[in-house]
$ cat model.csv   # CSV, N, CA and C atoms
chain,number,residue,atom,x,y,z
A,175,MET,N,-7.0,-2.7,-28.6
A,175,MET,CA,-6.9,-3.7,-27.5
A,175,MET,C,-5.5,-3.7,-26.9
A,176,ALA,N,-4.5,-3.6,-27.8
A,176,ALA,CA,-3.1,-3.6,-27.4
A,176,ALA,C,-2.9,-2.4,-26.4
A,177,LYS,N,-3.5,-1.3,-26.7
A,177,LYS,CA,-3.3,-0.1,-25.9
A,177,LYS,C,-3.9,-0.4,-24.5
A,178,ALA,N,-5.0,-1.0,-24.4
A,178,ALA,CA,-5.7,-1.3,-23.1
A,178,ALA,C,-4.8,-2.3,-22.3
A,179,VAL,N,-4.2,-3.3,-23.0
A,179,VAL,CA,-3.4,-4.3,-22.3
A,179,VAL,C,-2.1,-3.6,-21.8
A,180,LEU,N,-1.5,-2.7,-22.6
A,180,LEU,CA,-0.3,-2.0,-22.1
A,180,LEU,C,-0.6,-1.1,-20.9
A,181,LYS,N,-1.8,-0.4,-21.0
A,181,LYS,CA,-2.2,0.5,-19.8
A,181,LYS,C,-2.4,-0.4,-18.6
A,182,GLU,N,-3.1,-1.5,-18.7
A,182,GLU,CA,-3.3,-2.3,-17.5
A,182,GLU,C,-2.0,-2.9,-17.0
A,183,SER,N,-1.1,-3.3,-17.9
A,183,SER,CA,0.2,-3.9,-17.4
A,183,SER,C,1.0,-2.8,-16.7
A,184,ALA,N,1.0,-1.6,-17.2
A,184,ALA,CA,1.7,-0.5,-16.6
A,184,ALA,C,1.1,-0.2,-15.2
A,185,SER,N,-0.2,-0.3,-15.1
A,185,SER,CA,-0.9,0.0,-13.8
A,185,SER,C,-0.5,-1.1,-12.8
A,186,ILE,N,-0.4,-2.3,-13.2
A,186,ILE,CA,-0.1,-3.4,-12.3
A,186,ILE,C,1.4,-3.2,-11.9
A,187,LEU,N,2.3,-3.0,-12.8
A,187,LEU,CA,3.7,-2.8,-12.5
A,187,LEU,C,3.9,-1.6,-11.5
A,188,GLN,N,3.1,-0.6,-11.7
A,188,GLN,CA,3.2,0.6,-10.9
A,188,GLN,C,2.8,0.3,-9.4
A,189,MET,N,2.0,-0.7,-9.2
A,189,MET,CA,1.6,-1.1,-7.8
A,189,MET,C,2.6,-1.9,-7.1
A,190,ARG,N,3.7,-2.3,-7.7
A,190,ARG,CA,4.7,-3.2,-7.1
A,190,ARG,C,5.6,-2.5,-6.1
A,191,ASP,N,5.9,-3.1,-5.0
A,191,ASP,CA,6.8,-2.6,-4.1
A,191,ASP,C,8.2,-2.8,-4.7
A,192,LEU,N,9.1,-1.9,-4.5
A,192,LEU,CA,10.4,-1.9,-5.0
A,192,LEU,C,11.4,-1.6,-3.9
A,193,TRP,N,12.7,-2.0,-4.1
A,193,TRP,CA,13.7,-1.8,-3.1
A,193,TRP,C,14.9,-1.2,-3.9
A,194,VAL,N,15.7,-0.4,-3.2
A,194,VAL,CA,17.0,0.1,-3.7
A,194,VAL,C,18.1,-0.3,-2.7
A,195,LEU,N,19.3,-0.4,-3.3
A,195,LEU,CA,20.4,-0.8,-2.5
A,195,LEU,C,21.2,0.5,-2.2
A,196,THR,N,21.3,0.9,-1.0
A,196,THR,CA,22.2,2.1,-0.7
A,196,THR,C,23.5,1.6,-0.1
A,197,HIS,N,24.5,2.4,-0.3
A,197,HIS,CA,25.9,1.9,0.0
A,197,HIS,C,26.7,3.1,0.7
A,198,ARG,N,27.5,2.7,1.6
A,198,ARG,CA,28.5,3.6,2.2
A,198,ARG,C,29.9,2.9,2.2
A,199,TRP,N,30.9,3.7,1.9
A,199,TRP,CA,32.2,3.2,1.9
A,199,TRP,C,32.7,3.0,3.3
A,200,ASP,N,33.8,2.3,3.6
A,200,ASP,CA,34.3,2.1,4.9
A,200,ASP,C,34.6,3.3,5.7
A,201,ASP,N,35.0,4.4,5.0
A,201,ASP,CA,35.3,5.7,5.7
A,201,ASP,C,34.1,6.5,6.0
A,202,GLY,N,32.9,6.0,5.7
A,202,GLY,CA,31.7,6.7,6.0
A,202,GLY,C,31.1,7.6,5.0
A,203,SER,N,31.8,7.8,3.9
A,203,SER,CA,31.4,8.6,2.8
A,203,SER,C,30.3,7.9,2.0
A,204,LYS,N,29.4,8.7,1.3
A,204,LYS,CA,28.4,8.1,0.5
A,204,LYS,C,29.0,7.3,-0.6
A,205,GLY,N,28.3,6.2,-0.9
A,205,GLY,CA,28.8,5.2,-1.9
A,205,GLY,C,27.9,5.2,-3.1
A,206,LEU,N,27.7,4.0,-3.6
A,206,LEU,CA,27.0,3.8,-4.8
A,206,LEU,C,25.6,3.4,-4.5
A,207,ASN,N,24.6,3.8,-5.2
A,207,ASN,CA,23.2,3.4,-5.0
A,207,ASN,C,22.7,2.8,-6.3
A,208,TYR,N,22.0,1.6,-6.1
A,208,TYR,CA,21.5,0.9,-7.2
A,208,TYR,C,20.0,0.5,-7.0
A,209,GLY,N,19.3,0.4,-8.1
A,209,GLY,CA,17.9,-0.1,-8.0
A,209,GLY,C,17.2,0.3,-9.2
A,210,PRO,N,16.0,0.0,-9.3
A,210,PRO,CA,15.2,-0.7,-8.3
A,210,PRO,C,15.3,-2.2,-8.4
A,211,PHE,N,15.0,-2.9,-7.3
A,211,PHE,CA,15.0,-4.4,-7.3
A,211,PHE,C,13.6,-4.8,-6.8
A,212,GLY,N,13.2,-6.0,-7.2
A,212,GLY,CA,11.9,-6.5,-6.9
A,212,GLY,C,11.7,-7.0,-5.5
A,213,SER,N,12.9,-7.3,-4.8
A,213,SER,CA,12.8,-7.8,-3.4
A,213,SER,C,14.1,-7.5,-2.7
A,214,THR,N,14.1,-7.6,-1.4
A,214,THR,CA,15.4,-7.5,-0.7
A,214,THR,C,16.4,-8.5,-1.0
A,215,ALA,N,15.9,-9.8,-1.3
A,215,ALA,CA,16.8,-10.9,-1.6
A,215,ALA,C,17.5,-10.6,-2.9
A,216,GLU,N,16.8,-10.0,-3.9
A,216,GLU,CA,17.4,-9.6,-5.2
A,216,GLU,C,18.4,-8.6,-5.0
A,217,ALA,N,18.2,-7.6,-4.1
A,217,ALA,CA,19.2,-6.5,-3.9
A,217,ALA,C,20.4,-7.1,-3.2
A,218,GLU,N,20.2,-8.0,-2.2
A,218,GLU,CA,21.3,-8.6,-1.5
A,218,GLU,C,22.1,-9.5,-2.4
A,219,ALA,N,21.5,-10.2,-3.3
A,219,ALA,CA,22.2,-11.1,-4.2
A,219,ALA,C,23.1,-10.3,-5.1
A,220,PHE,N,22.5,-9.1,-5.6
A,220,PHE,CA,23.3,-8.2,-6.4
A,220,PHE,C,24.5,-7.7,-5.7
A,221,ALA,N,24.3,-7.3,-4.4
A,221,ALA,CA,25.4,-6.8,-3.6
A,221,ALA,C,26.5,-7.8,-3.4
A,222,LYS,N,26.1,-9.1,-3.2
A,222,LYS,CA,27.1,-10.2,-3.0
A,222,LYS,C,27.9,-10.4,-4.3
A,223,LYS,N,27.2,-10.4,-5.5
A,223,LYS,CA,27.9,-10.6,-6.7
A,223,LYS,C,28.9,-9.5,-7.0
A,224,MET,N,28.5,-8.2,-6.7
A,224,MET,CA,29.4,-7.1,-7.0
A,224,MET,C,30.5,-6.9,-6.0
A,225,ALA,N,30.3,-7.2,-4.8
A,225,ALA,CA,31.3,-7.1,-3.7
A,225,ALA,C,32.1,-5.7,-3.8
A,226,PHE,N,31.4,-4.6,-3.5
A,226,PHE,CA,32.0,-3.3,-3.6
A,226,PHE,C,32.9,-3.0,-2.4
A,227,GLY,N,32.6,-3.6,-1.3
A,227,GLY,CA,33.3,-3.2,0.0
A,227,GLY,C,32.4,-2.2,0.6
A,228,GLY,N,32.7,-1.9,1.9
A,228,GLY,CA,31.8,-0.9,2.6
A,228,GLY,C,30.6,-1.7,3.1
A,229,THR,N,29.5,-0.9,3.4
A,229,THR,CA,28.3,-1.5,3.9
A,229,THR,C,27.1,-1.1,3.0
A,230,GLY,N,26.1,-1.9,3.0
A,230,GLY,CA,25.0,-1.6,2.1
A,230,GLY,C,23.7,-2.0,2.9
A,231,ARG,N,22.6,-1.5,2.4
A,231,ARG,CA,21.3,-1.8,3.0
A,231,ARG,C,20.2,-1.6,1.9
A,232,ALA,N,19.3,-2.6,1.9
A,232,ALA,CA,18.1,-2.5,1.0
A,232,ALA,C,17.1,-1.7,1.7
A,233,ILE,N,16.6,-0.7,1.0
A,233,ILE,CA,15.5,0.2,1.5
A,233,ILE,C,14.3,0.2,0.6
A,234,PRO,N,13.1,0.0,1.2
A,234,PRO,CA,11.9,-0.1,0.4
A,234,PRO,C,11.5,1.2,-0.1
A,235,LEU,N,10.9,1.2,-1.3
A,235,LEU,CA,10.3,2.4,-2.0
A,235,LEU,C,8.8,2.1,-2.1
A,236,THR,N,8.1,3.2,-1.9
A,236,THR,CA,6.6,3.1,-2.2
A,236,THR,C,6.4,3.9,-3.4
A,237,SER,N,5.8,3.3,-4.4
A,237,SER,CA,5.5,3.9,-5.7
A,237,SER,C,4.4,4.9,-5.6
A,238,SER,N,4.3,5.8,-6.5
A,238,SER,CA,3.2,6.8,-6.5
A,238,SER,C,1.9,6.0,-6.8
A,239,GLY,N,1.9,5.0,-7.5
A,239,GLY,CA,0.7,4.2,-7.8
A,239,GLY,C,0.1,3.6,-6.6
A,240,ILE,N,1.0,3.1,-5.7
A,240,ILE,CA,0.5,2.6,-4.4
A,240,ILE,C,-0.1,3.7,-3.5
A,241,ALA,N,0.6,4.8,-3.5
A,241,ALA,CA,0.1,5.9,-2.7
A,241,ALA,C,-1.3,6.4,-3.2
A,242,LEU,N,-1.4,6.5,-4.5
A,242,LEU,CA,-2.7,7.0,-5.1
A,242,LEU,C,-3.8,6.0,-4.9
A,243,ALA,N,-3.5,4.7,-5.1
A,243,ALA,CA,-4.5,3.7,-4.9
A,243,ALA,C,-5.0,3.6,-3.5
A,244,ASN,N,-4.1,3.8,-2.5
A,244,ASN,CA,-4.4,3.8,-1.1
A,244,ASN,C,-5.3,5.0,-0.8
A,245,TYR,N,-5.0,6.2,-1.4
A,245,TYR,CA,-5.7,7.4,-1.1
A,245,TYR,C,-7.1,7.4,-1.8
A,246,ASP,N,-7.1,7.0,-3.1
A,246,ASP,CA,-8.3,7.1,-3.9
A,246,ASP,C,-9.2,5.9,-3.7
A,247,GLY,N,-8.7,4.8,-3.1
A,247,GLY,CA,-9.5,3.6,-3.0
A,247,GLY,C,-9.7,2.8,-4.3
A,248,LYS,N,-8.6,2.5,-5.0
A,248,LYS,CA,-8.7,1.8,-6.3
A,248,LYS,C,-9.5,0.5,-6.1
A,249,ALA,N,-10.4,0.2,-7.0
A,249,ALA,CA,-11.2,-1.0,-7.0
A,249,ALA,C,-10.3,-2.2,-7.0
A,250,GLY,N,-10.6,-3.2,-6.0
A,250,GLY,CA,-9.8,-4.4,-5.9
A,250,GLY,C,-8.5,-4.2,-5.2
A,251,TRP,N,-8.2,-3.0,-4.8
A,251,TRP,CA,-6.9,-2.8,-4.1
A,251,TRP,C,-7.1,-2.9,-2.6
A,252,PRO,N,-6.4,-3.9,-1.9
A,252,PRO,CA,-6.7,-4.1,-0.5
A,252,PRO,C,-6.2,-2.9,0.4
A,253,GLY,N,-5.3,-2.1,-0.1
A,253,GLY,CA,-4.8,-1.0,0.7
A,253,GLY,C,-3.7,-1.3,1.6
A,254,TYR,N,-2.9,-0.4,2.0
A,254,TYR,CA,-1.8,-0.6,2.9
A,254,TYR,C,-2.3,0.0,4.3
A,255,CYS,N,-1.6,-0.4,5.3
A,255,CYS,CA,-1.9,0.0,6.7
A,255,CYS,C,-1.7,1.6,6.8
A,256,PHE,N,-2.6,2.3,7.3
A,256,PHE,CA,-2.5,3.7,7.5
A,256,PHE,C,-1.9,4.1,8.8
A,257,ASN,N,-1.4,3.1,9.6
A,257,ASN,CA,-0.7,3.5,10.8
A,257,ASN,C,0.6,4.2,10.4
A,258,PRO,N,0.8,5.4,10.9
A,258,PRO,CA,2.0,6.2,10.4
A,258,PRO,C,3.3,5.5,10.6
A,259,GLN,N,3.4,4.6,11.6
A,259,GLN,CA,4.7,3.8,11.8
A,259,GLN,C,4.8,2.6,10.9
A,260,CYS,N,3.7,2.3,10.1
A,260,CYS,CA,3.7,1.0,9.4
A,260,CYS,C,3.7,1.2,7.9
A,261,GLY,N,2.5,1.2,7.3
A,261,GLY,CA,2.5,1.4,5.8
A,261,GLY,C,2.7,0.1,5.0
A,262,HIS,N,2.6,-1.0,5.7
A,262,HIS,CA,2.8,-2.3,5.1
A,262,HIS,C,1.5,-2.9,4.6
A,263,PRO,N,1.6,-3.8,3.6
A,263,PRO,CA,0.3,-4.5,3.1
A,263,PRO,C,-0.4,-5.4,4.1
A,264,PRO,N,-1.6,-5.7,3.9
A,264,PRO,CA,-2.4,-6.5,4.8
A,264,PRO,C,-1.8,-7.8,5.1
A,265,PHE,N,-1.2,-8.5,4.1
A,265,PHE,CA,-0.7,-9.8,4.3
A,265,PHE,C,0.5,-9.9,5.3
A,266,THR,N,1.1,-8.7,5.6
A,266,THR,CA,2.2,-8.7,6.6
A,266,THR,C,1.6,-8.7,8.0
A,267,HIS,N,0.3,-8.5,8.2
A,267,HIS,CA,-0.3,-8.4,9.5
A,267,HIS,C,-0.9,-9.8,9.9
A,268,SER,N,-0.7,-10.2,11.1
A,268,SER,CA,-1.1,-11.5,11.5
A,268,SER,C,-2.7,-11.6,11.5
A,269,ALA,N,-3.1,-12.8,11.2
A,269,ALA,CA,-4.6,-13.1,11.2
A,269,ALA,C,-4.9,-14.2,12.3
A,270,ALA,N,-3.9,-14.5,13.1
A,270,ALA,CA,-4.0,-15.6,14.0
A,270,ALA,C,-4.0,-15.2,15.5
A,271,GLY,N,-4.9,-15.7,16.2
A,271,GLY,CA,-5.0,-15.6,17.7
A,271,GLY,C,-4.7,-14.3,18.3
A,272,ALA,N,-3.9,-14.3,19.4
A,272,ALA,CA,-3.6,-13.1,20.2
A,272,ALA,C,-2.8,-12.1,19.4
A,273,ALA,N,-2.1,-12.5,18.3
A,273,ALA,CA,-1.3,-11.6,17.5
A,273,ALA,C,-2.1,-11.0,16.4
A,274,ARG,N,-3.4,-11.2,16.4
A,274,ARG,CA,-4.3,-10.7,15.3
A,274,ARG,C,-4.1,-9.2,15.1
A,275,GLY,N,-3.8,-8.8,13.8
A,275,GLY,CA,-3.6,-7.4,13.5
A,275,GLY,C,-2.2,-6.9,13.6
A,276,LEU,N,-1.4,-7.6,14.4
A,276,LEU,CA,0.0,-7.2,14.6
A,276,LEU,C,0.9,-7.4,13.3
A,277,CYS,N,1.6,-6.3,13.0
A,277,CYS,CA,2.5,-6.4,11.8
A,277,CYS,C,3.6,-7.4,12.1
A,278,GLN,N,3.9,-8.3,11.2
A,278,GLN,CA,4.8,-9.4,11.4
A,278,GLN,C,6.3,-9.0,11.0
A,279,LEU,N,6.5,-7.8,10.5
A,279,LEU,CA,7.8,-7.4,10.1
A,279,LEU,C,8.6,-7.0,11.3
A,280,SER,N,9.8,-7.5,11.5
A,280,SER,CA,10.6,-7.4,12.7
A,280,SER,C,10.9,-5.9,13.1
A,281,ASP,N,11.0,-5.0,12.1
A,281,ASP,CA,11.4,-3.7,12.3
A,281,ASP,C,10.2,-2.7,12.4
A,282,CYS,N,9.0,-3.3,12.5
A,282,CYS,CA,7.7,-2.5,12.6
A,282,CYS,C,7.1,-2.6,13.9
A,283,GLY,N,6.6,-1.5,14.5
A,283,GLY,CA,6.0,-1.6,15.8
A,283,GLY,C,4.5,-1.5,15.7
A,284,CYS,N,3.9,-1.7,14.5
A,284,CYS,CA,2.4,-1.6,14.4
A,284,CYS,C,1.7,-2.7,15.1
A,285,GLU,N,0.7,-2.4,15.9
A,285,GLU,CA,0.0,-3.4,16.7
A,285,GLU,C,-1.4,-3.7,16.1
A,286,LYS,N,-1.8,-2.9,15.2
A,286,LYS,CA,-3.2,-3.2,14.6
A,286,LYS,C,-3.2,-2.6,13.2
A,287,PHE,N,-3.7,-3.4,12.2
A,287,PHE,CA,-3.9,-2.9,10.8
A,287,PHE,C,-4.9,-1.8,10.8
A,288,VAL,N,-4.6,-0.6,10.2
A,288,VAL,CA,-5.5,0.5,10.1
A,288,VAL,C,-5.9,0.6,8.7
A,289,LYS,N,-7.2,0.2,8.4
A,289,LYS,CA,-7.7,0.1,7.1
A,289,LYS,C,-8.0,1.4,6.4
A,290,ASP,N,-8.5,2.4,7.1
A,290,ASP,CA,-8.9,3.6,6.5
A,290,ASP,C,-8.0,4.8,7.0
A,291,PRO,N,-7.8,5.8,6.1
A,291,PRO,CA,-7.0,6.9,6.6
A,291,PRO,C,-7.7,7.7,7.7
A,292,PRO,N,-6.9,8.2,8.6
A,292,PRO,CA,-7.5,9.0,9.7
A,292,PRO,C,-8.3,10.2,9.2
A,293,LYS,N,-9.4,10.3,9.8
A,293,LYS,CA,-10.3,11.5,9.4
A,293,LYS,C,-9.8,12.7,10.0
A,294,SER,N,-9.7,13.8,9.2
A,294,SER,CA,-9.3,15.1,9.8
A,294,SER,C,-10.6,15.7,10.4
A,295,LYS,N,-10.4,16.0,11.7
A,295,LYS,CA,-11.5,16.5,12.5
A,295,LYS,C,-11.3,18.0,12.7
A,296,SER,N,-12.2,18.8,12.2
A,296,SER,CA,-12.1,20.3,12.5
A,296,SER,C,-12.9,20.6,13.7
A,297,LYS,N,-12.2,21.4,14.6
A,297,LYS,CA,-12.8,21.8,15.9
A,297,LYS,C,-13.7,23.0,15.6
A,298,LYS,N,-14.8,23.0,16.2
A,298,LYS,CA,-15.7,24.1,16.1
A,298,LYS,C,-15.9,24.8,17.4

$ encode --input "model.csv" --output "structure tokens"
Amino acid sequence: MAKAVLKESASILQMRDLWVLTHRWDDGSKGLNYGPFGSTAEAEAFAKKMAFGGTGRAIPLTSSGIALANYDGKAGWPGYCFNPQCGHPPFTHSAAGAARGLCQLSDCGCEKFVKDPPKSKSKK
């Protein structure tokens, strides 16, 4: 039973979105990279505590578990948007009025949640 609990826990953790903090020194050279973090707020809080100097940015990572679940259709997995410009989870897309389906993240141009992967059509 313990083995089953550990496997299920690992599976759940593998589905988590993670972020890394990338850094550049003031002269433009590559700096220090840290991660993973559970959220952008966590990455930013770490950067403020450490105060390295230069500039930093939190970048999202997609785990292999998320990619496989999206591709294989894992049971109970809502899937991420298959729009090539998006890839965000369903809860980031609006469910209200005229904005229905529009991704609510400011840096995303997705206008409609795409539930299924695009079918490859072979021409005959």

$ select_by_dssp --input "model.csv" --residues "stretch 185-236 of chain A" --states "alpha helix (DSSP H)" --output "list in words"
Ser185, Ile186, Leu187, Gln188, Thr214, Ala215, Glu216, Ala217, Glu218, Ala219, Phe220, Ala221, Lys222, Lys223 and Met224 of chain A

$ axis_aligned_box --input "model.csv" --around "stretch 181-185 of chain A" --padding-each-side "4 Å" --output "lines of an AutoDock Vina configuration file"
center_x = -0.8
center_y = -1.7
center_z = -16.9
size_x = 13.0
size_y = 12.4
size_z = 16.2

$ closest_residue --input "model.csv" --among "A:Glu285, A:Arg190, A:Ala176, A:Glu182" --to "A:Leu235" --atoms "all atoms listed in the file"
A:Arg190

$ closest_residue --input "model.csv" --among "A:Ala241, A:Asp281, A:Asp201, A:Asp191" --to "A:Gln259" --atoms "all atoms listed in the file"
A:Asp281

$ closest_residue --input "model.csv" --among "A:Cys255, A:Leu192, A:Met175, A:Ala270" --to "A:Lys286" --atoms "only C-alpha atoms"
A:Cys255

$ atom_distance --input "model.csv" --atom1 "atom CA of A:Thr236" --atom2 "atom N of A:Trp193"
8.2 Å

$ atom_distance --input "model.csv" --atom1 "atom C of A:Asn207" --atom2 "atom C of A:Ser185"
24.4 Å

$ closest_residue --input "model.csv" --among "A:Ala184, A:Ser238, A:Ala273, A:Leu195" --to "A:Met224" --atoms "only C-alpha atoms"
A:Leu195

$ closest_residue --input "model.csv" --among "A:Ile186, A:Ala269, A:Val179, A:Cys260" --to "A:Gly283" --atoms "only C-alpha atoms"
A:Cys260

$ atom_distance --input "model.csv" --atom1 "atom C of A:Ser213" --atom2 "atom C of A:Ala232"
7.9 Å

$ select_by_dssp --input "model.csv" --residues "stretch 183-266 of chain A" --states "strand (DSSP E)" --output "tab-separated table (two decimals) with N, CA and C atoms, in the coordinates of the input"
chain	number	residue	atom	x	y	z
A	192	LEU	N	9.10	-1.90	-4.50
A	192	LEU	CA	10.40	-1.90	-5.00
A	192	LEU	C	11.40	-1.60	-3.90
A	193	TRP	N	12.70	-2.00	-4.10
A	193	TRP	CA	13.70	-1.80	-3.10
A	193	TRP	C	14.90	-1.20	-3.90
A	194	VAL	N	15.70	-0.40	-3.20
A	194	VAL	CA	17.00	0.10	-3.70
A	194	VAL	C	18.10	-0.30	-2.70
A	195	LEU	N	19.30	-0.40	-3.30
A	195	LEU	CA	20.40	-0.80	-2.50
A	195	LEU	C	21.20	0.50	-2.20
A	196	THR	N	21.30	0.90	-1.00
A	196	THR	CA	22.20	2.10	-0.70
A	196	THR	C	23.50	1.60	-0.10
A	197	HIS	N	24.50	2.40	-0.30
A	197	HIS	CA	25.90	1.90	0.00
A	197	HIS	C	26.70	3.10	0.70
A	198	ARG	N	27.50	2.70	1.60
A	198	ARG	CA	28.50	3.60	2.20
A	198	ARG	C	29.90	2.90	2.20
A	208	TYR	N	22.00	1.60	-6.10
A	208	TYR	CA	21.50	0.90	-7.20
A	208	TYR	C	20.00	0.50	-7.00
A	209	GLY	N	19.30	0.40	-8.10
A	209	GLY	CA	17.90	-0.10	-8.00
A	209	GLY	C	17.20	0.30	-9.20
A	210	PRO	N	16.00	0.00	-9.30
A	210	PRO	CA	15.20	-0.70	-8.30
A	210	PRO	C	15.30	-2.20	-8.40
A	211	PHE	N	15.00	-2.90	-7.30
A	211	PHE	CA	15.00	-4.40	-7.30
A	211	PHE	C	13.60	-4.80	-6.80
A	229	THR	N	29.50	-0.90	3.40
A	229	THR	CA	28.30	-1.50	3.90
A	229	THR	C	27.10	-1.10	3.00
A	230	GLY	N	26.10	-1.90	3.00
A	230	GLY	CA	25.00	-1.60	2.10
A	230	GLY	C	23.70	-2.00	2.90
A	231	ARG	N	22.60	-1.50	2.40
A	231	ARG	CA	21.30	-1.80	3.00
A	231	ARG	C	20.20	-1.60	1.90
A	232	ALA	N	19.30	-2.60	1.90
A	232	ALA	CA	18.10	-2.50	1.00
A	232	ALA	C	17.10	-1.70	1.70
A	233	ILE	N	16.60	-0.70	1.00
A	233	ILE	CA	15.50	0.20	1.50
A	233	ILE	C	14.30	0.20	0.60
A	234	PRO	N	13.10	0.00	1.20
A	234	PRO	CA	11.90	-0.10	0.40
A	234	PRO	C	11.50	1.20	-0.10
A	235	LEU	N	10.90	1.20	-1.30
A	235	LEU	CA	10.30	2.40	-2.00
A	235	LEU	C	8.80	2.10	-2.10

$ residues_near_point --input "model.csv" --point "(19.1, 0.5, -7.6)" --cutoff "8 Å" --atoms "all atoms listed in the file" --output "number ranges by chain"
A: 193-196, 206-211, 217

$ build_atoms --input "model.csv" --residues "stretch 189-195 of chain A" --atoms "all heavy atoms" --output "PDB file, in the coordinates of the input"
ATOM      1  N   MET A 189       2.000  -0.700  -9.200  1.00  0.00           N
ATOM      2  CA  MET A 189       1.600  -1.100  -7.800  1.00  0.00           C
ATOM      3  C   MET A 189       2.600  -1.900  -7.100  1.00  0.00           C
ATOM      4  O   MET A 189       2.409  -2.275  -5.941  1.00  0.00           O
ATOM      5  CB  MET A 189       0.266  -1.800  -7.904  1.00  0.00           C
ATOM      6  CG  MET A 189      -0.838  -1.018  -8.566  1.00  0.00           C
ATOM      7  SD  MET A 189      -1.206   0.504  -7.740  1.00  0.00           S
ATOM      8  CE  MET A 189      -2.234  -0.112  -6.445  1.00  0.00           C
ATOM      9  N   ARG A 190       3.700  -2.300  -7.700  1.00  0.00           N
ATOM     10  CA  ARG A 190       4.700  -3.200  -7.100  1.00  0.00           C
ATOM     11  C   ARG A 190       5.600  -2.500  -6.100  1.00  0.00           C
ATOM     12  O   ARG A 190       5.985  -1.342  -6.367  1.00  0.00           O
ATOM     13  CB  ARG A 190       5.616  -3.697  -8.256  1.00  0.00           C
ATOM     14  CG  ARG A 190       5.581  -5.161  -8.456  1.00  0.00           C
ATOM     15  CD  ARG A 190       6.570  -5.541  -9.490  1.00  0.00           C
ATOM     16  NE  ARG A 190       7.642  -6.261  -8.828  1.00  0.00           N
ATOM     17  CZ  ARG A 190       8.692  -6.713  -9.436  1.00  0.00           C
ATOM     18  NH1 ARG A 190       8.863  -6.521 -10.703  1.00  0.00           N
ATOM     19  NH2 ARG A 190       9.604  -7.373  -8.783  1.00  0.00           N
ATOM     20  N   ASP A 191       5.900  -3.100  -5.000  1.00  0.00           N
ATOM     21  CA  ASP A 191       6.800  -2.600  -4.100  1.00  0.00           C
ATOM     22  C   ASP A 191       8.200  -2.800  -4.700  1.00  0.00           C
ATOM     23  O   ASP A 191       8.499  -3.843  -5.313  1.00  0.00           O
ATOM     24  CB  ASP A 191       6.770  -3.336  -2.765  1.00  0.00           C
ATOM     25  CG  ASP A 191       5.695  -2.786  -1.862  1.00  0.00           C
ATOM     26  OD1 ASP A 191       5.354  -1.602  -2.012  1.00  0.00           O
ATOM     27  OD2 ASP A 191       5.221  -3.530  -1.009  1.00  0.00           O
ATOM     28  N   LEU A 192       9.100  -1.900  -4.500  1.00  0.00           N
ATOM     29  CA  LEU A 192      10.400  -1.900  -5.000  1.00  0.00           C
ATOM     30  C   LEU A 192      11.400  -1.600  -3.900  1.00  0.00           C
ATOM     31  O   LEU A 192      11.070  -1.024  -2.913  1.00  0.00           O
ATOM     32  CB  LEU A 192      10.636  -0.962  -6.188  1.00  0.00           C
ATOM     33  CG  LEU A 192       9.757  -1.202  -7.407  1.00  0.00           C
ATOM     34  CD1 LEU A 192       9.893  -0.049  -8.399  1.00  0.00           C
ATOM     35  CD2 LEU A 192      10.103  -2.517  -8.079  1.00  0.00           C
ATOM     36  N   TRP A 193      12.700  -2.000  -4.100  1.00  0.00           N
ATOM     37  CA  TRP A 193      13.700  -1.800  -3.100  1.00  0.00           C
ATOM     38  C   TRP A 193      14.900  -1.200  -3.900  1.00  0.00           C
ATOM     39  O   TRP A 193      15.161  -1.489  -5.041  1.00  0.00           O
ATOM     40  CB  TRP A 193      14.164  -3.044  -2.419  1.00  0.00           C
ATOM     41  CG  TRP A 193      13.204  -3.475  -1.369  1.00  0.00           C
ATOM     42  CD1 TRP A 193      13.303  -3.249  -0.032  1.00  0.00           C
ATOM     43  CD2 TRP A 193      11.992  -4.207  -1.537  1.00  0.00           C
ATOM     44  NE1 TRP A 193      12.227  -3.790   0.630  1.00  0.00           N
ATOM     45  CE2 TRP A 193      11.410  -4.377  -0.273  1.00  0.00           C
ATOM     46  CE3 TRP A 193      11.328  -4.721  -2.642  1.00  0.00           C
ATOM     47  CZ2 TRP A 193      10.217  -5.055  -0.080  1.00  0.00           C
ATOM     48  CZ3 TRP A 193      10.136  -5.385  -2.460  1.00  0.00           C
ATOM     49  CH2 TRP A 193       9.593  -5.542  -1.184  1.00  0.00           C
ATOM     50  N   VAL A 194      15.700  -0.400  -3.200  1.00  0.00           N
ATOM     51  CA  VAL A 194      17.000   0.100  -3.700  1.00  0.00           C
ATOM     52  C   VAL A 194      18.100  -0.300  -2.700  1.00  0.00           C
ATOM     53  O   VAL A 194      17.822  -0.475  -1.568  1.00  0.00           O
ATOM     54  CB  VAL A 194      16.980   1.679  -3.911  1.00  0.00           C
ATOM     55  CG1 VAL A 194      16.022   2.102  -4.999  1.00  0.00           C
ATOM     56  CG2 VAL A 194      16.697   2.399  -2.631  1.00  0.00           C
ATOM     57  N   LEU A 195      19.300  -0.400  -3.300  1.00  0.00           N
ATOM     58  CA  LEU A 195      20.400  -0.800  -2.500  1.00  0.00           C
ATOM     59  C   LEU A 195      21.200   0.500  -2.200  1.00  0.00           C
ATOM     60  O   LEU A 195      21.694   1.126  -3.195  1.00  0.00           O
ATOM     61  CB  LEU A 195      21.230  -1.816  -3.187  1.00  0.00           C
ATOM     62  CG  LEU A 195      22.432  -2.360  -2.447  1.00  0.00           C
ATOM     63  CD1 LEU A 195      21.985  -3.128  -1.201  1.00  0.00           C
ATOM     64  CD2 LEU A 195      23.240  -3.269  -3.354  1.00  0.00           C
TER      65      LEU A 195
END
